[in-house]
file final_21.pdb (PDB, C-alpha atoms)
MODEL        1
ATOM      1  CA  MET V   1      65.849 -10.559 -13.112
ATOM      2  CA  THR V   2      65.503  -8.936  -9.709
ATOM      3  CA  LEU V   3      63.704 -10.210  -6.608
ATOM      4  CA  SER V   4      63.153  -7.894  -3.638
ATOM      5  CA  GLY V   5      61.750  -8.204  -0.137
ATOM      6  CA  PHE V   6      62.694  -7.981   3.543
ATOM      7  CA  GLY V   7      65.305  -5.296   2.724
ATOM      8  CA  ILE V   8      67.069  -7.828   0.468
ATOM      9  CA  THR V   9      67.531  -7.722  -3.292
ATOM     10  CA  LEU V  10      68.547 -10.707  -5.386
ATOM     11  CA  SER V  11      69.773  -9.589  -8.785
ATOM     12  CA  SER V  12      70.803 -11.872 -11.664
ATOM     13  CA  LEU V  13      74.570 -12.254 -11.842
ATOM     14  CA  GLN V  14      76.061 -10.010 -14.537
ATOM     15  CA  HIS V  15      79.346 -10.375 -16.411
ATOM     16  CA  ASP V  16      80.856  -7.325 -14.704
ATOM     17  CA  GLN V  17      80.308  -9.008 -11.297
ATOM     18  CA  ILE V  18      82.042 -12.324 -11.976
ATOM     19  CA  GLU V  19      85.464 -11.184 -10.752
ATOM     20  CA  MET V  20      83.947  -9.990  -7.457
ATOM     21  CA  VAL V  21      82.171 -13.342  -7.101
ATOM     22  CA  ARG V  22      85.400 -15.223  -7.907
ATOM     23  CA  ARG V  23      87.273 -13.289  -5.196
ATOM     24  CA  TRP V  24      84.490 -14.090  -2.736
ATOM     25  CA  ARG V  25      84.498 -17.759  -3.692
ATOM     26  CA  ASN V  26      88.295 -17.995  -3.326
ATOM     27  CA  SER V  27      88.262 -16.409   0.139
ATOM     28  CA  ASP V  28      89.206 -18.821   2.912
ATOM     29  CA  HIS V  29      85.950 -18.499   4.868
ATOM     30  CA  ILE V  30      83.886 -19.413   1.770
ATOM     31  CA  LYS V  31      86.202 -21.946   0.144
ATOM     32  CA  ARG V  32      86.460 -23.913   3.399
ATOM     33  CA  TYR V  33      82.842 -25.088   3.033
ATOM     34  CA  ALA V  34      82.790 -25.566  -0.756
ATOM     35  CA  ARG V  35      82.876 -28.993  -2.360
ATOM     36  CA  GLN V  36      85.568 -27.755  -4.741
ATOM     37  CA  GLN V  37      88.284 -26.250  -2.574
ATOM     38  CA  GLU V  38      90.871 -25.426  -5.214
ATOM     39  CA  PRO V  39      91.230 -21.740  -6.119
ATOM     40  CA  ILE V  40      89.315 -20.640  -9.207
ATOM     41  CA  SER V  41      91.302 -18.744 -11.844
ATOM     42  CA  PRO V  42      89.917 -15.765 -13.787
ATOM     43  CA  GLU V  43      89.891 -17.944 -16.925
ATOM     44  CA  GLN V  44      87.913 -20.694 -15.179
ATOM     45  CA  GLN V  45      85.431 -18.112 -13.902
ATOM     46  CA  LYS V  46      84.926 -16.629 -17.376
ATOM     47  CA  ALA V  47      84.435 -20.091 -18.898
ATOM     48  CA  TRP V  48      81.944 -21.012 -16.160
ATOM     49  CA  PHE V  49      79.950 -17.822 -16.680
ATOM     50  CA  SER V  50      79.918 -18.277 -20.470
ATOM     51  CA  GLY V  51      78.527 -21.797 -19.997
ATOM     52  CA  LEU V  52      75.649 -20.616 -17.802
ATOM     53  CA  GLN V  53      73.668 -19.303 -20.744
ATOM     54  CA  ALA V  54      73.266 -22.831 -22.119
ATOM     55  CA  LYS V  55      71.870 -24.136 -18.817
ATOM     56  CA  ALA V  56      68.722 -23.597 -16.775
ATOM     57  CA  ASP V  57      70.841 -22.603 -13.756
ATOM     58  CA  GLU V  58      70.268 -19.190 -12.178
ATOM     59  CA  TYR V  59      72.690 -17.186 -10.028
ATOM     60  CA  PHE V  60      71.810 -14.046  -8.084
ATOM     61  CA  VAL V  61      74.019 -11.538  -6.290
ATOM     62  CA  ILE V  62      72.607 -10.798  -2.834
ATOM     63  CA  PHE V  63      72.310  -7.142  -1.884
ATOM     64  CA  VAL V  64      71.552  -5.852   1.605
ATOM     65  CA  HIS V  65      70.660  -2.155   1.452
ATOM     66  CA  GLU V  66      72.300  -1.903  -1.986
ATOM     67  CA  THR V  67      75.586  -3.474  -0.823
ATOM     68  CA  PRO V  68      76.580  -6.785  -2.450
ATOM     69  CA  VAL V  69      77.124  -9.368   0.304
ATOM     70  CA  GLY V  70      76.905 -12.821  -1.289
ATOM     71  CA  LEU V  71      75.614 -15.188  -3.946
ATOM     72  CA  ILE V  72      72.631 -17.547  -4.132
ATOM     73  CA  TRP V  73      71.768 -19.986  -6.918
ATOM     74  CA  PHE V  74      70.020 -23.047  -8.132
ATOM     75  CA  ASN V  75      71.381 -25.648 -10.549
ATOM     76  CA  VAL V  76      69.472 -28.246 -12.484
ATOM     77  CA  LYS V  77      71.319 -31.576 -12.239
ATOM     78  CA  ASN V  78      69.748 -34.809 -13.439
ATOM     79  CA  ARG V  79      66.314 -33.147 -13.234
ATOM     80  CA  LEU V  80      66.917 -32.276  -9.569
ATOM     81  CA  ILE V  81      67.045 -28.689  -8.356
ATOM     82  CA  GLU V  82      70.097 -28.076  -6.180
ATOM     83  CA  THR V  83      70.460 -24.801  -4.301
ATOM     84  CA  GLY V  84      73.193 -23.077  -2.399
ATOM     85  CA  PHE V  85      74.325 -19.715  -1.187
ATOM     86  CA  TYR V  86      77.094 -18.011   0.689
ATOM     87  CA  LEU V  87      77.586 -14.706   2.408
ATOM     88  CA  TYR V  88      80.940 -13.089   1.803
ATOM     89  CA  ASP V  89      80.116 -10.403   4.360
ATOM     90  CA  GLU V  90      80.614 -12.299   7.609
ATOM     91  CA  THR V  91      78.851  -9.601   9.647
ATOM     92  CA  GLU V  92      75.555 -10.709   8.086
ATOM     93  CA  GLN V  93      75.947 -14.379   9.073
ATOM     94  CA  ASN V  94      74.758 -14.150  12.676
ATOM     95  CA  SER V  95      71.640 -12.141  11.972
ATOM     96  CA  LEU V  96      68.232 -12.674  10.415
ATOM     97  CA  THR V  97      69.721 -11.822   7.015
ATOM     98  CA  PRO V  98      70.222 -15.471   5.958
ATOM     99  CA  TYR V  99      66.552 -16.186   6.755
ATOM    100  CA  LYS V 100      65.452 -13.144   4.754
ATOM    101  CA  ILE V 101      67.570 -14.260   1.794
ATOM    102  CA  VAL V 102      66.337 -17.835   1.662
ATOM    103  CA  THR V 103      62.730 -16.850   2.355
ATOM    104  CA  LEU V 104      62.794 -14.566  -0.678
ATOM    105  CA  PHE V 105      64.577 -17.216  -2.756
ATOM    106  CA  HIS V 106      62.323 -20.082  -1.660
ATOM    107  CA  GLU V 107      59.250 -18.006  -2.521
ATOM    108  CA  TYR V 108      60.716 -17.672  -6.019
ATOM    109  CA  LEU V 109      61.537 -21.387  -6.327
ATOM    110  CA  PHE V 110      58.288 -22.761  -4.916
ATOM    111  CA  ASP V 111      55.695 -20.103  -5.749
ATOM    112  CA  ILE V 112      56.953 -18.760  -9.076
ATOM    113  CA  LYS V 113      59.091 -21.563 -10.544
ATOM    114  CA  GLN V 114      56.641 -24.139  -9.112
ATOM    115  CA  PHE V 115      59.335 -26.614  -8.023
ATOM    116  CA  GLU V 116      58.002 -29.435  -5.845
ATOM    117  CA  SER V 117      61.274 -30.002  -3.985
ATOM    118  CA  ILE V 118      64.811 -28.650  -3.880
ATOM    119  CA  TYR V 119      68.079 -30.122  -2.660
ATOM    120  CA  CYS V 120      71.305 -28.969  -1.083
ATOM    121  CA  HIS V 121      74.574 -30.699  -0.233
ATOM    122  CA  ILE V 122      76.303 -29.907   3.051
ATOM    123  CA  LEU V 123      79.835 -30.910   4.004
ATOM    124  CA  HIS V 124      79.884 -33.138   7.075
ATOM    125  CA  ASP V 125      81.803 -30.600   9.187
ATOM    126  CA  ASN V 126      79.614 -27.595   8.296
ATOM    127  CA  THR V 127      77.445 -27.695  11.403
ATOM    128  CA  ARG V 128      76.256 -24.095  10.990
ATOM    129  CA  ALA V 129      74.827 -24.822   7.525
ATOM    130  CA  LEU V 130      73.303 -28.063   8.770
ATOM    131  CA  ARG V 131      71.470 -26.357  11.669
ATOM    132  CA  PHE V 132      70.330 -23.545   9.395
ATOM    133  CA  ASN V 133      68.986 -25.833   6.664
ATOM    134  CA  LEU V 134      67.215 -28.103   9.155
ATOM    135  CA  SER V 135      65.476 -25.007  10.553
ATOM    136  CA  LEU V 136      64.273 -24.260   7.008
ATOM    137  CA  GLY V 137      62.587 -27.665   6.769
ATOM    138  CA  TYR V 138      65.263 -29.593   4.881
ATOM    139  CA  ALA V 139      65.508 -33.300   5.761
ATOM    140  CA  LEU V 140      68.289 -35.799   5.139
ATOM    141  CA  PHE V 141      67.857 -37.367   1.709
ATOM    142  CA  SER V 142      71.087 -39.296   1.080
ATOM    143  CA  GLU V 143      74.530 -39.734   2.567
ATOM    144  CA  HIS V 144      77.763 -39.377   0.626
ATOM    145  CA  GLU V 145      81.466 -39.593   1.384
ATOM    146  CA  GLN V 146      82.125 -35.847   1.827
ATOM    147  CA  THR V 147      78.607 -34.422   1.981
ATOM    148  CA  ASN V 148      75.063 -35.327   2.789
ATOM    149  CA  ALA V 149      72.179 -34.357   0.532
ATOM    150  CA  TYR V 150      69.118 -32.710   2.063
ATOM    151  CA  ARG V 151      65.718 -32.184   0.465
ATOM    152  CA  LEU V 152      63.154 -29.486   1.069
ATOM    153  CA  THR V 153      59.680 -30.420  -0.125
ATOM    154  CA  HIS V 154      56.984 -27.872  -0.807
ATOM    155  CA  GLU V 155      55.059 -29.180   2.220
ATOM    156  CA  ASN V 156      58.023 -28.824   4.603
ATOM    157  CA  TYR V 157      58.824 -25.414   3.117
ATOM    158  CA  THR V 158      55.270 -24.238   3.835
ATOM    159  CA  LYS V 159      55.426 -25.385   7.476
ATOM    160  CA  ALA V 160      58.878 -23.955   8.196
ATOM    161  CA  ASN V 161      58.219 -20.753   6.253
ATOM    162  CA  ALA V 162      55.168 -19.913   8.385
ATOM    163  CA  LYS V 163      57.394 -19.897  11.487
ATOM    164  CA  ILE V 164      60.146 -17.937   9.762
ATOM    165  CA  LEU V 165      57.710 -15.292   8.503
ATOM    166  CA  LYS V 166      56.422 -14.777  12.059
ATOM    167  CA  LEU V 167      59.993 -14.252  13.213
ATOM    168  CA  LEU V 168      60.737 -11.807  10.399
ATOM    169  CA  LYS V 169      57.534  -9.824  11.028
ATOM    170  CA  ARG V 170      58.532  -9.315  14.673
ATOM    171  CA  GLU V 171      61.790  -7.698  13.627
ATOM    172  CA  ARG V 172      61.722  -3.947  13.855
ATOM    173  CA  PRO V 173      62.885  -1.935  10.834
TER     174      PRO V 173
ENDMDL
END
call {"tool": "encode", "arguments": {"input": "final_21.pdb", "output": "structure tokens"}}
result
Amino acid sequence: MTLSGFGITLSSLQHDQIEMVRRWRNSDHIKRYARQQEPISPEQQKAWFSGLQAKADEYFVIFVHETPVGLIWFNVKNRLIETGFYLYDETEQNSLTPYKIVTLFHEYLFDIKQFESIYCHILHDNTRALRFNLSLGYALFSEHEQTNAYRLTHENYTKANAKILKLLKRERP
């Protein structure tokens, strides 16, 4: 499956991309903010990918102008939809690119998949992710030892997305 918009393409993760994704995930600037901080071996990555087909989880490689720059996903856990993403390409982090990515992805989750709410977990010291997710309309849902869980309802998504779309429309191509 492929989703496109705002100069961004989200393409379903393919087997020939899992080693690239593993290298990204094991990089220090990504691993630092992951709940699991141990390095992932090639065997673990292959086993994980093989297990995806039995689940309702979906993973997409993020492309900016045909260049792979990160990964975005949702997992179904205990009937809750948990999302996450990371940008391996650090040059894209301080731009509108993250907003373009999640706007495209949230449109898929809320408008096509018809989810009523989605969740994310953020490590306590990841202030950048916290600020970003709050700007998207996420609100604190529950507190945990290492992370806090945040929920984005369809209503909050709609309110925040209207502001984000105005910002994205002002951007010049």
call {"tool": "atom_distance", "arguments": {"input": "final_21.pdb", "atom1": "CA of Asp57 in chain V", "atom2": "CA of His15 in chain V"}}
result
15.1 Å
call {"tool": "resolve_selection", "arguments": {"input": "final_21.pdb", "expression": "the PyMOL selection byres ((chain V and resi 12) around 8)", "output": "MDAnalysis selection string"}}
result
chainID V and resid 1:2 10:11 13:14 58:61
call {"tool": "residues_around", "arguments": {"input": "final_21.pdb", "residues": "Ser27 in chain V", "least_positions_apart": "5", "cutoff": "10 Å", "atoms": "all atoms listed in the file", "output": "compact mmCIF listing (two decimals) with C-alpha atoms, in the coordinates of the input"}}
result
# COMPACT_ATOMS: atom_id res chain seq x y z
CA VAL V 21 82.17 -13.34 -7.10
CA ARG V 22 85.40 -15.22 -7.91
CA ARG V 32 86.46 -23.91 3.40
CA PRO V 39 91.23 -21.74 -6.12
CA TYR V 88 80.94 -13.09 1.80
call {"tool": "resolve_selection", "arguments": {"input": "final_21.pdb", "expression": "the PyMOL selection byres ((chain V and resi 153-160) around 10)", "output": "PDB file with C-alpha atoms, in the frame of the given file"}}
result
ATOM      1  CA  THR V 103      62.730 -16.850   2.355  1.00  0.00           C
ATOM      2  CA  HIS V 106      62.323 -20.082  -1.660  1.00  0.00           C
ATOM      3  CA  GLU V 107      59.250 -18.006  -2.521  1.00  0.00           C
ATOM      4  CA  LEU V 109      61.537 -21.387  -6.327  1.00  0.00           C
ATOM      5  CA  PHE V 110      58.288 -22.761  -4.916  1.00  0.00           C
ATOM      6  CA  ASP V 111      55.695 -20.103  -5.749  1.00  0.00           C
ATOM      7  CA  GLN V 114      56.641 -24.139  -9.112  1.00  0.00           C
ATOM      8  CA  PHE V 115      59.335 -26.614  -8.023  1.00  0.00           C
ATOM      9  CA  GLU V 116      58.002 -29.435  -5.845  1.00  0.00           C
ATOM     10  CA  SER V 117      61.274 -30.002  -3.985  1.00  0.00           C
ATOM     11  CA  ILE V 118      64.811 -28.650  -3.880  1.00  0.00           C
ATOM     12  CA  TYR V 119      68.079 -30.122  -2.660  1.00  0.00           C
ATOM     13  CA  LEU V 134      67.215 -28.103   9.155  1.00  0.00           C
ATOM     14  CA  SER V 135      65.476 -25.007  10.553  1.00  0.00           C
ATOM     15  CA  LEU V 136      64.273 -24.260   7.008  1.00  0.00           C
ATOM     16  CA  GLY V 137      62.587 -27.665   6.769  1.00  0.00           C
ATOM     17  CA  TYR V 138      65.263 -29.593   4.881  1.00  0.00           C
ATOM     18  CA  ALA V 139      65.508 -33.300   5.761  1.00  0.00           C
ATOM     19  CA  TYR V 150      69.118 -32.710   2.063  1.00  0.00           C
ATOM     20  CA  ARG V 151      65.718 -32.184   0.465  1.00  0.00           C
ATOM     21  CA  LEU V 152      63.154 -29.486   1.069  1.00  0.00           C
ATOM     22  CA  ASN V 161      58.219 -20.753   6.253  1.00  0.00           C
ATOM     23  CA  ALA V 162      55.168 -19.913   8.385  1.00  0.00           C
ATOM     24  CA  LYS V 163      57.394 -19.897  11.487  1.00  0.00           C
ATOM     25  CA  ILE V 164      60.146 -17.937   9.762  1.00  0.00           C
ATOM     26  CA  LEU V 165      57.710 -15.292   8.503  1.00  0.00           C
TER      27      LEU V 165
END
call {"tool": "atom_distance", "arguments": {"input": "final_21.pdb", "atom1": "CA of His29 in chain V", "atom2": "CA of Glu90 in chain V"}}
result
8.6 Å
call {"tool": "atom_distance", "arguments": {"input": "final_21.pdb", "atom1": "CA of Glu19 in chain V", "atom2": "CA of Lys46 in chain V"}}
result
8.6 Å
